[in-house]
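**Student:** My structure is stored as run.csv, with CSV, C-alpha atoms and all ligand atoms.
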chain,number,residue,atom,x,y,z
A,390,MET,CA,-38.8,-234.1,98.7
A,391,ASN,CA,-37.0,-231.0,97.4
A,392,VAL,CA,-33.7,-232.4,96.2
A,393,ALA,CA,-32.2,-228.9,95.8
A,394,ARG,CA,-32.5,-228.3,99.6
A,395,GLN,CA,-30.8,-231.6,100.5
A,396,ARG,CA,-27.4,-231.5,102.0
A,397,ILE,CA,-25.2,-233.6,99.8
A,398,GLY,CA,-22.0,-234.9,101.3
A,399,VAL,CA,-19.3,-235.8,98.9
A,400,LEU,CA,-17.1,-238.3,100.7
A,401,MET,CA,-13.5,-238.4,99.5
A,402,GLY,CA,-9.9,-239.2,100.5
A,403,GLY,CA,-9.9,-242.1,102.8
A,404,LEU,CA,-7.1,-244.3,103.9
A,405,SER,CA,-6.7,-246.7,100.9
A,406,PRO,CA,-3.8,-246.5,98.5
A,407,GLU,CA,-6.3,-244.8,96.1
A,408,ARG,CA,-6.7,-241.8,98.4
A,409,GLU,CA,-5.1,-239.3,95.9
A,410,VAL,CA,-7.3,-240.5,93.1
A,411,SER,CA,-10.4,-240.3,95.3
A,412,LEU,CA,-9.5,-236.6,96.2
A,413,ARG,CA,-9.4,-235.8,92.5
A,414,SER,CA,-12.7,-237.6,91.9
A,415,GLY,CA,-14.3,-235.9,94.9
A,416,GLY,CA,-13.1,-232.4,93.8
A,417,ASN,CA,-14.6,-232.8,90.4
A,418,VAL,CA,-17.9,-234.1,91.7
A,419,CYS,CA,-18.2,-231.3,94.2
A,420,ALA,CA,-17.6,-228.7,91.5
A,421,ALA,CA,-20.2,-230.4,89.2
A,422,LEU,CA,-22.9,-230.5,92.0
A,423,ALA,CA,-22.1,-226.8,92.9
A,424,ARG,CA,-22.5,-225.8,89.2
A,425,ARG,CA,-25.9,-227.5,89.2
A,426,GLY,CA,-27.0,-225.5,92.3
A,427,TYR,CA,-26.9,-228.3,95.0
A,428,ARG,CA,-26.0,-227.8,98.6
A,429,VAL,CA,-22.6,-229.5,98.6
A,430,TYR,CA,-20.6,-230.5,101.6
A,431,ALA,CA,-17.0,-231.7,100.7
A,432,LEU,CA,-16.2,-234.3,103.3
A,433,GLN,CA,-12.5,-235.1,103.2
A,434,ILE,CA,-11.8,-238.3,105.2
A,435,ASP,CA,-8.3,-238.4,106.8
A,436,HIS,CA,-9.2,-240.7,109.7
A,437,LEU,CA,-12.0,-243.3,110.0
A,438,ASP,CA,-13.3,-241.7,113.1
A,439,GLN,CA,-14.3,-238.6,111.1
A,440,ILE,CA,-16.9,-240.6,109.1
A,441,VAL,CA,-19.7,-241.0,111.6
A,442,PRO,CA,-19.7,-237.3,112.8
A,443,ALA,CA,-19.5,-236.2,109.1
A,444,LEU,CA,-22.6,-238.2,108.2
A,445,TYR,CA,-24.7,-236.4,110.8
A,446,GLU,CA,-24.3,-233.2,108.8
A,447,ILE,CA,-25.8,-234.5,105.6
A,448,ASP,CA,-29.0,-235.9,104.0
A,449,VAL,CA,-27.5,-237.8,101.0
A,450,ALA,CA,-24.1,-239.4,100.5
A,451,PHE,CA,-22.2,-239.1,97.2
A,452,ILE,CA,-19.4,-241.6,97.9
A,453,CYS,CA,-16.2,-240.8,96.0
A,454,LEU,CA,-14.0,-243.1,98.0
A,455,HIS,CA,-12.1,-245.7,96.0
A,456,GLY,CA,-11.0,-249.0,97.6
A,457,GLY,CA,-11.2,-250.1,101.2
A,458,VAL,CA,-13.8,-248.6,103.5
A,459,GLY,CA,-16.0,-246.7,101.1
A,460,GLU,CA,-16.1,-249.1,98.2
A,461,ASP,CA,-16.2,-252.4,100.1
A,462,GLY,CA,-19.7,-252.3,101.5
A,463,THR,CA,-18.8,-251.3,105.0
A,464,LEU,CA,-19.7,-247.6,104.6
A,465,GLN,CA,-22.8,-248.6,102.6
A,466,ALA,CA,-23.8,-250.7,105.7
A,467,LEU,CA,-23.3,-247.8,108.0
A,468,LEU,CA,-25.4,-245.5,105.7
A,469,GLU,CA,-28.2,-248.1,105.7
A,470,VAL,CA,-28.2,-248.2,109.5
A,471,LEU,CA,-28.3,-244.4,109.7
A,472,GLY,CA,-31.0,-244.2,107.0
A,473,ILE,CA,-29.0,-241.9,104.7
A,474,PRO,CA,-29.5,-242.5,101.0
A,475,TYR,CA,-26.2,-243.0,99.0
A,476,VAL,CA,-25.3,-243.3,95.4
A,477,GLY,CA,-24.6,-246.5,93.6
A,478,SER,CA,-24.5,-250.1,94.7
A,479,GLY,CA,-25.7,-251.5,98.0
A,480,VAL,CA,-23.8,-253.4,100.7
A,481,LEU,CA,-23.7,-256.9,99.1
A,482,ALA,CA,-22.8,-255.9,95.6
A,483,SER,CA,-20.1,-253.5,96.9
A,484,ALA,CA,-18.6,-256.2,99.0
A,485,LEU,CA,-18.7,-258.8,96.2
A,486,ALA,CA,-17.2,-256.5,93.6
A,487,MET,CA,-14.4,-255.5,96.0
A,488,ASN,CA,-13.3,-259.1,96.4
A,489,LYS,CA,-12.2,-260.2,92.9
A,490,LEU,CA,-12.3,-263.9,93.8
A,491,GLN,CA,-15.9,-263.8,95.1
A,492,ALA,CA,-16.9,-261.8,92.0
A,493,LYS,CA,-15.3,-264.4,89.7
A,494,ARG,CA,-17.1,-267.2,91.5
A,495,VAL,CA,-20.5,-265.3,90.9
A,496,PHE,CA,-19.6,-264.7,87.3
A,497,LEU,CA,-18.9,-268.4,86.7
A,498,SER,CA,-22.1,-269.4,88.5
A,499,GLN,CA,-23.9,-267.3,85.9
A,500,LYS,CA,-21.9,-268.8,83.0
A,501,LEU,CA,-20.1,-265.5,82.5
A,502,PRO,CA,-16.6,-265.7,81.2
A,503,THR,CA,-13.6,-265.0,83.5
A,504,ALA,CA,-10.0,-266.2,83.3
A,505,PRO,CA,-9.0,-269.4,85.1
A,506,TRP,CA,-7.2,-268.7,88.4
A,507,VAL,CA,-5.4,-270.3,91.3
A,508,GLU,CA,-5.9,-268.8,94.8
A,509,TYR,CA,-3.0,-268.5,97.1
A,510,ARG,CA,-3.6,-269.9,100.6
A,511,ASP,CA,-0.9,-270.0,103.2
A,512,GLU,CA,-1.1,-273.8,103.7
A,513,LEU,CA,-0.9,-274.4,100.0
A,514,TRP,CA,2.4,-272.6,99.5
A,515,PRO,CA,4.6,-275.7,99.0
A,516,ASP,CA,2.7,-277.2,96.0
A,517,TRP,CA,1.2,-273.9,94.8
A,518,ARG,CA,3.9,-272.9,92.4
A,519,ALA,CA,3.7,-276.2,90.6
A,520,ARG,CA,-0.1,-275.8,90.4
A,521,VAL,CA,0.3,-272.3,88.8
A,522,ALA,CA,2.8,-273.7,86.3
A,523,GLN,CA,0.6,-276.6,85.4
A,524,GLU,CA,-2.9,-275.1,85.5
A,525,ILE,CA,-2.2,-271.5,84.4
A,526,GLY,CA,1.1,-271.4,82.7
A,527,PHE,CA,3.1,-268.3,81.7
A,528,PRO,CA,2.7,-265.4,81.3
A,529,CYS,CA,0.2,-265.0,84.1
A,530,VAL,CA,-1.0,-262.3,86.4
A,531,VAL,CA,-0.4,-262.0,90.1
A,532,LYS,CA,-3.1,-259.9,91.8
A,533,PRO,CA,-4.2,-259.0,95.3
A,534,VAL,CA,-7.8,-260.0,96.0
A,535,SER,CA,-9.1,-256.6,97.2
A,536,GLN,CA,-7.1,-253.8,95.7
A,537,GLY,CA,-7.7,-251.4,92.8
A,538,SER,CA,-5.9,-249.0,90.4
A,539,SER,CA,-3.6,-251.9,89.4
A,540,ILE,CA,-1.8,-251.6,92.7
A,541,GLY,CA,0.0,-254.9,93.4
A,542,VAL,CA,-0.8,-256.3,90.0
A,543,HIS,CA,2.2,-258.1,88.3
A,544,ILE,CA,2.5,-259.7,84.9
A,545,VAL,CA,5.0,-262.5,85.3
A,546,HIS,CA,6.8,-264.5,82.5
A,547,SER,CA,8.7,-267.2,84.4
A,548,GLU,CA,8.8,-269.2,87.6
A,549,ASP,CA,11.5,-266.9,89.0
A,550,GLU,CA,9.3,-263.8,88.4
A,551,LEU,CA,6.3,-265.7,89.8
A,552,ILE,CA,8.1,-266.4,93.1
A,553,ALA,CA,9.4,-262.8,93.5
A,554,ALA,CA,6.0,-261.3,92.7
A,555,SER,CA,4.1,-263.7,94.8
A,556,GLN,CA,6.3,-263.1,97.8
A,557,ALA,CA,6.0,-259.4,97.5
A,558,THR,CA,2.2,-259.6,97.0
A,559,ARG,CA,1.8,-261.9,100.0
A,560,ASP,CA,3.9,-259.7,102.2
A,561,GLU,CA,2.1,-256.5,101.3
A,562,PHE,CA,-1.5,-257.7,100.8
A,563,GLY,CA,-1.8,-261.2,102.3
A,564,HIS,CA,-4.5,-262.7,100.1
A,565,PHE,CA,-3.8,-262.9,96.4
A,566,PHE,CA,-4.4,-265.1,93.3
A,567,VAL,CA,-2.8,-265.9,90.0
A,568,GLU,CA,-4.8,-265.5,86.8
A,569,LYS,CA,-4.3,-266.7,83.3
A,570,PHE,CA,-3.0,-263.9,81.1
A,571,ILE,CA,-5.6,-263.1,78.5
A,572,PRO,CA,-4.1,-261.7,75.3
A,573,GLY,CA,-5.9,-259.1,73.2
A,574,LYS,CA,-7.5,-255.8,73.9
A,575,GLU,CA,-8.0,-254.0,77.2
A,576,ILE,CA,-11.6,-252.8,77.3
A,577,THR,CA,-13.7,-251.1,79.9
A,578,ALA,CA,-17.5,-250.8,79.8
A,579,GLY,CA,-19.3,-248.1,81.7
A,580,ILE,CA,-22.7,-249.0,83.0
A,581,LEU,CA,-25.2,-246.2,83.8
A,582,ARG,CA,-28.8,-246.1,84.7
A,583,ILE,CA,-30.5,-243.8,82.3
A,584,ASP,CA,-34.1,-242.8,83.0
A,585,GLY,CA,-34.7,-246.0,84.9
A,586,ALA,CA,-33.0,-248.4,82.5
A,587,ASP,CA,-29.4,-249.8,82.9
A,588,ARG,CA,-27.3,-249.2,79.8
A,589,ALA,CA,-23.9,-250.2,78.7
A,590,LEU,CA,-22.1,-247.1,77.5
A,591,PRO,CA,-19.9,-247.0,74.4
A,592,LEU,CA,-16.9,-249.2,75.0
A,593,ILE,CA,-13.4,-247.7,75.7
A,594,GLU,CA,-10.3,-249.4,74.4
A,595,LEU,CA,-7.2,-248.6,76.5
A,596,ARG,CA,-3.8,-248.7,74.8
A,597,PRO,CA,-1.3,-248.1,77.4
A,598,HIS,CA,2.2,-247.1,76.4
A,599,ARG,CA,3.5,-249.6,78.9
A,600,GLU,CA,3.4,-253.4,79.3
A,601,PHE,CA,-0.1,-253.2,80.8
A,602,TYR,CA,-2.7,-250.8,82.2
A,603,ASP,CA,-0.8,-250.1,85.4
A,604,TYR,CA,-1.1,-247.2,87.9
A,605,ILE,CA,1.1,-244.9,85.9
A,606,ALA,CA,-0.8,-245.6,82.6
A,607,LYS,CA,-4.1,-245.0,84.5
A,608,TYR,CA,-3.3,-241.7,86.1
A,609,THR,CA,-0.5,-239.9,84.0
A,610,PRO,CA,-2.0,-237.8,81.2
A,611,GLY,CA,-0.6,-239.0,77.9
A,612,ALA,CA,0.5,-242.4,79.2
A,613,CYS,CA,-2.4,-244.3,77.6
A,614,ASP,CA,-4.4,-243.8,74.4
A,615,PHE,CA,-8.2,-244.0,74.8
A,616,ILE,CA,-10.0,-245.3,71.8
A,617,ILE,CA,-13.8,-244.5,71.9
A,618,PRO,CA,-15.6,-246.4,70.7
A,619,ALA,CA,-13.3,-249.4,71.0
A,620,GLU,CA,-12.0,-250.9,67.7
A,621,LEU,CA,-14.2,-254.0,67.7
A,622,ASP,CA,-16.6,-255.2,65.1
A,623,PRO,CA,-20.3,-254.5,65.8
A,624,GLN,CA,-21.1,-258.1,66.8
A,625,THR,CA,-18.2,-258.2,69.3
A,626,THR,CA,-19.1,-254.8,70.7
A,627,LEU,CA,-22.6,-256.0,71.4
A,628,LYS,CA,-21.3,-259.2,73.0
A,629,VAL,CA,-18.9,-257.3,75.3
A,630,GLN,CA,-21.6,-254.8,76.3
A,631,GLU,CA,-24.1,-257.6,77.0
A,632,THR,CA,-21.5,-259.5,79.1
A,633,ALA,CA,-20.7,-256.3,81.0
A,634,LEU,CA,-24.3,-255.6,81.7
A,635,ARG,CA,-25.0,-259.2,82.8
A,636,ALA,CA,-22.0,-259.0,85.1
A,637,HIS,CA,-23.3,-255.8,86.7
A,638,HIS,CA,-26.6,-257.5,87.4
A,639,ALA,CA,-25.0,-260.8,88.5
A,640,LEU,CA,-23.2,-259.0,91.4
A,641,GLY,CA,-26.4,-257.0,92.0
A,642,CYS,CA,-24.8,-253.6,91.3
A,643,PHE,CA,-27.0,-250.6,91.2
A,644,GLY,CA,-27.0,-247.3,89.2
A,645,PHE,CA,-23.5,-247.3,87.7
A,646,SER,CA,-20.3,-249.2,87.6
A,647,ARG,CA,-17.3,-249.8,85.3
A,648,VAL,CA,-16.7,-253.3,84.1
A,649,ASP,CA,-13.1,-254.2,83.1
A,650,LEU,CA,-12.6,-256.9,80.5
A,651,ARG,CA,-10.0,-258.4,78.2
A,652,VAL,CA,-11.2,-259.3,74.7
A,653,THR,CA,-9.2,-261.9,72.8
A,654,PRO,CA,-8.2,-261.5,69.1
A,655,GLN,CA,-11.0,-264.0,68.4
A,656,GLY,CA,-13.5,-261.6,70.0
A,657,GLU,CA,-14.1,-263.5,73.2
A,658,PRO,CA,-14.6,-261.3,76.3
A,659,TYR,CA,-13.2,-262.2,79.7
A,660,LEU,CA,-14.4,-260.3,82.8
A,661,LEU,CA,-11.6,-259.0,85.0
A,662,GLU,CA,-13.5,-257.1,87.7
A,663,ILE,CA,-16.3,-254.6,88.4
A,664,ASN,CA,-15.6,-251.2,90.0
A,665,THR,CA,-18.7,-250.0,91.9
A,666,LEU,CA,-17.3,-246.5,92.5
A,667,PRO,CA,-15.4,-245.7,89.3
A,668,GLY,CA,-12.9,-242.8,89.1
A,669,MET,CA,-14.3,-239.4,88.3
A,670,THR,CA,-10.9,-237.7,87.6
A,671,ASP,CA,-10.0,-235.8,84.5
A,672,THR,CA,-8.5,-238.9,82.9
A,673,SER,CA,-11.2,-241.4,84.2
A,674,ASP,CA,-13.1,-243.7,81.9
A,675,LEU,CA,-16.7,-243.4,83.0
A,676,PRO,CA,-16.9,-239.7,82.2
A,677,LYS,CA,-15.4,-240.4,78.8
A,678,ALA,CA,-17.8,-243.2,78.0
A,679,ALA,CA,-20.8,-241.1,79.1
A,680,ALA,CA,-19.5,-238.1,77.0
A,681,ALA,CA,-19.4,-240.5,74.0
A,682,LEU,CA,-23.2,-240.9,74.4
A,683,GLY,CA,-23.6,-237.1,74.7
A,684,ILE,CA,-23.8,-237.1,78.5
A,685,GLY,CA,-21.5,-234.3,79.9
A,686,PHE,CA,-19.7,-234.5,83.2
A,687,ASP,CA,-22.3,-232.5,85.2
A,688,ASP,CA,-25.1,-234.4,83.7
A,689,LEU,CA,-23.4,-237.7,84.6
A,690,VAL,CA,-22.9,-236.6,88.2
A,691,GLU,CA,-26.5,-235.6,88.5
A,692,ARG,CA,-27.6,-239.0,87.1
A,693,MET,CA,-25.3,-240.7,89.6
A,694,LEU,CA,-26.8,-238.6,92.4
A,695,GLN,CA,-30.3,-239.7,91.2
A,696,THR,CA,-29.4,-243.4,91.9
A,697,ALA,CA,-29.4,-242.6,95.6
A,698,PHE,CA,-33.1,-241.7,95.5
A,699,GLU,CA,-34.0,-244.4,93.0
A,700,LYS,CA,-32.4,-247.1,95.2
A,701,GLU,CA,-34.5,-245.9,98.2
A,702,GLN,CA,-37.7,-245.9,96.1
A,703,LEU,CA,-37.1,-249.5,95.0
A,704,LYS,CA,-36.7,-250.8,98.5
A,705,PRO,CA,-39.6,-252.9,99.7
A,706,LYS,CA,-41.8,-250.8,102.0
A,707,PRO,CA,-42.4,-252.3,105.4
A,708,ALA,CA,-46.0,-253.7,105.7
A,709,VAL,CA,-48.3,-251.4,107.6
A,710,LYS,CA,-50.0,-253.1,110.5
A,711,SER,CA,-53.6,-252.3,110.8
A,801,LIG,N1,-5.9,-261.9,83.3
A,801,LIG,C1,-5.3,-260.8,82.7
A,801,LIG,N2,-4.8,-260.8,81.5
A,801,LIG,C2,-4.2,-259.7,81.0
A,801,LIG,N3,-4.0,-258.6,81.7
A,801,LIG,C3,-4.5,-258.5,82.9
A,801,LIG,C4,-5.2,-259.6,83.5
A,801,LIG,N4,-5.6,-259.3,84.8
A,801,LIG,C5,-5.2,-258.0,84.9
A,801,LIG,N5,-4.5,-257.5,83.8
A,801,LIG,C6,-4.0,-256.2,83.7
A,801,LIG,O1,-3.9,-255.5,85.0
A,801,LIG,C7,-4.8,-254.4,85.0
A,801,LIG,C8,-5.5,-254.3,86.4
A,801,LIG,O2,-6.2,-255.5,86.7
A,801,LIG,P1,-7.7,-255.5,87.3
A,801,LIG,O3,-8.1,-256.9,87.5
A,801,LIG,O4,-8.6,-254.7,86.5
A,801,LIG,O5,-7.4,-254.9,88.7
A,801,LIG,P2,-7.5,-253.4,89.3
A,801,LIG,O6,-8.6,-253.5,90.3
A,801,LIG,O7,-6.2,-253.1,90.0
A,801,LIG,O8,-7.9,-252.5,88.2
A,801,LIG,C9,-5.8,-254.7,83.9
A,801,LIG,O9,-6.5,-253.5,83.5
A,801,LIG,C10,-5.0,-255.3,82.8
A,801,LIG,O10,-4.2,-254.3,82.2
A,802,MG,MG,-9.4,-252.7,86.8
As structure tokens, how would this structure be written, given the file I've shared?

**Tutor:**
Amino acid sequence: MNVARQRIGVLMGGLSPEREVSLRSGGNVCAALARRGYRVYALQIDHLDQIVPALYEIDVAFICLHGGVGEDGTLQALLEVLGIPYVGSGVLASALAMNKLQAKRVFLSQKLPTAPWVEYRDELWPDWRARVAQEIGFPCVVKPVSQGSSIGVHIVHSEDELIAASQATRDEFGHFFVEKFIPGKEITAGILRIDGADRALPLIELRPHREFYDYIAKYTPGACDFIIPAELDPQTTLKVQETALRAHHALGCFGFSRVDLRVTPQGEPYLLEINTLPGMTDTSDLPKAAAALGIGFDDLVERMLQTAFEKEQLKPKPAVKS
């Protein structure tokens, strides 16, 4: 197969609240692929009914959609049905990672550390507040189950704040949960398949100039300091990298991902979530982590593209009937 002749569709935009971020990621990826001489098709998705016709124009999908359809496994399933190779994780891992609660259940099943939580369910509303106060305590973190970019995440310090944040989150997103606040450092671990082996990249420590790493801190240049490598002792660094890599494998992720963690002052990591389609904007973490290992942006994009072909090669071949 001559990769240089393949039509590579970069899917970007979409309908999730992370549309603007996705357009920035997609633009950067298109530029990188063009610089490397690939046949690039920028596929901006403004309506879901554009997706299927767009896919008939391409041979390989470089998905740069964040959140919703694109990151949640549904687009991956469509691509599987159409037989179009695509970058990164498959259907199941994408779906698991998109649902923070299911991901946490898998982490626990593999004895991987994640903060205690209480799930909100409609029928539990009356005694739910008491459970949060008793089992989780304050401060705690109210989060939608399937969002990203810190959208809908609230850190609350009292029962009054909990009630207000819970009602707002329930009304906007429906399904949500409350997690124990983990003090300490905000760390993100990029995972990248390099020459056939999955590697945890140098850790990034995020020091937002705000109460936490919210949407503004994530996407406003200068609103957050990035410390690379993170200021952790060598032993803790290894522990965090190993936890991140195990979490990537526990969900069955493929090729690349970005694992978000909190690390306590005692050096204990807690997994927050895994992003299977990490941002590729100018302020995004995965490109920074790769750069710290000497992998430039275009090189990173090319390695990510490679995961589409590697995933195909690793699929079991159907038995040939004689
Ligand atoms: N349990 C927690 N303890 C402390 N801070 C948290 C916790 N959960 C989330 N946060 C803060 O909220 C941010 C977003 O949470 P995260 O679970 O990573 O969701 P998202 O998908 O929106 O990035 C984190 O990067 C962190 O700053
Ligand atoms: Mg996160």

**Student:** Could you list, as a list of chain:residue names, every residue within 10 Å of A:Ser547, counting only C-alpha atoms and ignoring same-chain residues fewer than 2 positions away?

**Tutor:** A:Ala522, A:Gly526, A:Phe527, A:Pro528, A:Cys529, A:Ile544, A:Val545, A:Asp549, A:Glu550, A:Leu551, A:Ile552

**Student:** Please save C-alpha atoms of the selected residues as a short mmCIF file (atom, residue, chain, number, x, y, z; two decimals), in the frame of the given file.

**Tutor:**
data_model
loop_
_atom_site.label_atom_id
_atom_site.label_comp_id
_atom_site.auth_asym_id
_atom_site.auth_seq_id
_atom_site.Cartn_x
_atom_site.Cartn_y
_atom_site.Cartn_z
CA ALA A 522 2.80 -273.70 86.30
CA GLY A 526 1.10 -271.40 82.70
CA PHE A 527 3.10 -268.30 81.70
CA PRO A 528 2.70 -265.40 81.30
CA CYS A 529 0.20 -265.00 84.10
CA ILE A 544 2.50 -259.70 84.90
CA VAL A 545 5.00 -262.50 85.30
CA ASP A 549 11.50 -266.90 89.00
CA GLU A 550 9.30 -263.80 88.40
CA LEU A 551 6.30 -265.70 89.80
CA ILE A 552 8.10 -266.40 93.10
#

**Student:** Which residues are close to A:Phe570, i.e. within 12 Å by all atoms listed in the file, leaving aside same-chain residues fewer than 5 positions away? Reply as a ChimeraX atom specification.

**Tutor:** /A:503-506,521,525-532,542-546,575,601,650-653,659,661

**Student:** With all atoms listed in the file as the counted atoms, please give the residues lying no more than 12 Å from A:Thr609, apart from itself and same-chain residues fewer than 3 positions off, as an NGL selection string.

**Tutor:** :A and (410 or 597-599 or 602-606 or 612-614 or 670-673)

**Student:** Enter the distance from atom CA of A:Gln702 to atom CA of A:Ala589, in Å, rounded to one decimal.

**Tutor:**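 Computing it gives 22.6 Å between the two atoms.
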
**Student:** Considering only C-alpha atoms and all ligand atoms, tabulate each residue of chain A that lies at most 9 Å from ligand MG 802 (chain A) along with its nearest interatomic pair and the corresponding distance in Å to one decimal; arrange the rows by chain and ascending residue number and present them as a Markdown table.

**Tutor:**
| residue | atom | partner | partner_atom | distance |
| --- | --- | --- | --- | --- |
| A:Gly537 | CA | A:MG802 | MG | 6.4 |
| A:Ser538 | CA | A:MG802 | MG | 6.2 |
| A:Ser539 | CA | A:MG802 | MG | 6.4 |
| A:Thr577 | CA | A:MG802 | MG | 8.3 |
| A:Tyr602 | CA | A:MG802 | MG | 8.3 |
| A:Arg647 | CA | A:MG802 | MG | 8.5 |
| A:Val648 | CA | A:MG802 | MG | 7.8 |
| A:Asp649 | CA | A:MG802 | MG | 5.4 |
| A:Leu650 | CA | A:MG802 | MG | 8.2 |
| A:Leu661 | CA | A:MG802 | MG | 6.9 |
| A:Glu662 | CA | A:MG802 | MG | 6.1 |
| A:Ile663 | CA | A:MG802 | MG | 7.3 |
| A:Asn664 | CA | A:MG802 | MG | 7.1 |

**Student:** Using all atoms listed in the file and a cutoff of 12 Å, can you tell me which residues are near (-18.6, -229.1, 94.4) in the file's coordinates, and write them out as JSON, numbers by chain?

**Tutor:** {"A": [396, 397, 398, 399, 400, 401, 412, 413, 414, 415, 416, 417, 418, 419, 420, 421, 422, 423, 424, 425, 426, 427, 428, 429, 430, 431, 432, 451, 687, 690, 691]}

**Student:** Using only C-alpha atoms and all ligand atoms, find the one residue out of A:Tyr445, A:Phe643, A:Phe698, A:Phe565 that sits nearest to ligand LIG 801 (chain A).

**Tutor:**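 Ranking A:Tyr445, A:Phe643, A:Phe698, A:Phe565 by distance to ligand LIG 801 (chain A), first place goes to A:Phe565.
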
**Student:** Could N, CA and C atoms be built for stretch 479-496 of chain A and written out as a PDB file, in the coordinates of the input?

**Tutor:**
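What follows is the written file part04.pdb:
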ATOM      1  N   GLY A 479     -25.411-251.211  96.601  1.00  0.00           N
ATOM      2  CA  GLY A 479     -25.700-251.500  98.000  1.00  0.00           C
ATOM      3  C   GLY A 479     -24.545-252.266  98.662  1.00  0.00           C
ATOM      4  N   VAL A 480     -24.847-252.779  99.855  1.00  0.00           N
ATOM      5  CA  VAL A 480     -23.800-253.400 100.700  1.00  0.00           C
ATOM      6  C   VAL A 480     -23.275-254.684 100.014  1.00  0.00           C
ATOM      7  N   LEU A 481     -24.172-255.571  99.625  1.00  0.00           N
ATOM      8  CA  LEU A 481     -23.700-256.900  99.100  1.00  0.00           C
ATOM      9  C   LEU A 481     -22.919-256.748  97.818  1.00  0.00           C
ATOM     10  N   ALA A 482     -23.476-255.989  96.875  1.00  0.00           N
ATOM     11  CA  ALA A 482     -22.800-255.900  95.600  1.00  0.00           C
ATOM     12  C   ALA A 482     -21.437-255.188  95.757  1.00  0.00           C
ATOM     13  N   SER A 483     -21.375-254.176  96.629  1.00  0.00           N
ATOM     14  CA  SER A 483     -20.100-253.500  96.900  1.00  0.00           C
ATOM     15  C   SER A 483     -19.074-254.476  97.404  1.00  0.00           C
ATOM     16  N   ALA A 484     -19.501-255.278  98.384  1.00  0.00           N
ATOM     17  CA  ALA A 484     -18.600-256.200  99.000  1.00  0.00           C
ATOM     18  C   ALA A 484     -18.120-257.295  98.004  1.00  0.00           C
ATOM     19  N   LEU A 485     -19.065-257.777  97.205  1.00  0.00           N
ATOM     20  CA  LEU A 485     -18.700-258.800  96.200  1.00  0.00           C
ATOM     21  C   LEU A 485     -17.744-258.273  95.175  1.00  0.00           C
ATOM     22  N   ALA A 486     -18.027-257.061  94.697  1.00  0.00           N
ATOM     23  CA  ALA A 486     -17.200-256.500  93.600  1.00  0.00           C
ATOM     24  C   ALA A 486     -15.776-256.204  94.167  1.00  0.00           C
ATOM     25  N   MET A 487     -15.675-255.862  95.444  1.00  0.00           N
ATOM     26  CA  MET A 487     -14.400-255.500  96.000  1.00  0.00           C
ATOM     27  C   MET A 487     -13.478-256.742  96.136  1.00  0.00           C
ATOM     28  N   ASN A 488     -14.115-257.909  96.234  1.00  0.00           N
ATOM     29  CA  ASN A 488     -13.300-259.100  96.400  1.00  0.00           C
ATOM     30  C   ASN A 488     -13.330-259.835  95.016  1.00  0.00           C
ATOM     31  N   LYS A 489     -12.204-259.703  94.308  1.00  0.00           N
ATOM     32  CA  LYS A 489     -12.200-260.200  92.900  1.00  0.00           C
ATOM     33  C   LYS A 489     -12.457-261.665  92.817  1.00  0.00           C
ATOM     34  N   LEU A 490     -12.076-262.430  93.826  1.00  0.00           N
ATOM     35  CA  LEU A 490     -12.300-263.900  93.800  1.00  0.00           C
ATOM     36  C   LEU A 490     -13.797-264.209  93.925  1.00  0.00           C
ATOM     37  N   GLN A 491     -14.449-263.547  94.894  1.00  0.00           N
ATOM     38  CA  GLN A 491     -15.900-263.800  95.100  1.00  0.00           C
ATOM     39  C   GLN A 491     -16.648-263.380  93.821  1.00  0.00           C
ATOM     40  N   ALA A 492     -16.225-262.257  93.241  1.00  0.00           N
ATOM     41  CA  ALA A 492     -16.900-261.800  92.000  1.00  0.00           C
ATOM     42  C   ALA A 492     -16.713-262.820  90.907  1.00  0.00           C
ATOM     43  N   LYS A 493     -15.513-263.367  90.777  1.00  0.00           N
ATOM     44  CA  LYS A 493     -15.300-264.400  89.700  1.00  0.00           C
ATOM     45  C   LYS A 493     -16.140-265.609  89.948  1.00  0.00           C
ATOM     46  N   ARG A 494     -16.309-265.989  91.203  1.00  0.00           N
ATOM     47  CA  ARG A 494     -17.100-267.200  91.500  1.00  0.00           C
ATOM     48  C   ARG A 494     -18.599-266.894  91.065  1.00  0.00           C
ATOM     49  N   VAL A 495     -19.077-265.678  91.336  1.00  0.00           N
ATOM     50  CA  VAL A 495     -20.500-265.300  90.900  1.00  0.00           C
ATOM     51  C   VAL A 495     -20.537-265.330  89.384  1.00  0.00           C
ATOM     52  N   PHE A 496     -19.536-264.762  88.725  1.00  0.00           N
ATOM     53  CA  PHE A 496     -19.600-264.700  87.300  1.00  0.00           C
ATOM     54  C   PHE A 496     -19.677-266.160  86.711  1.00  0.00           C
TER      55      PHE A 496
END
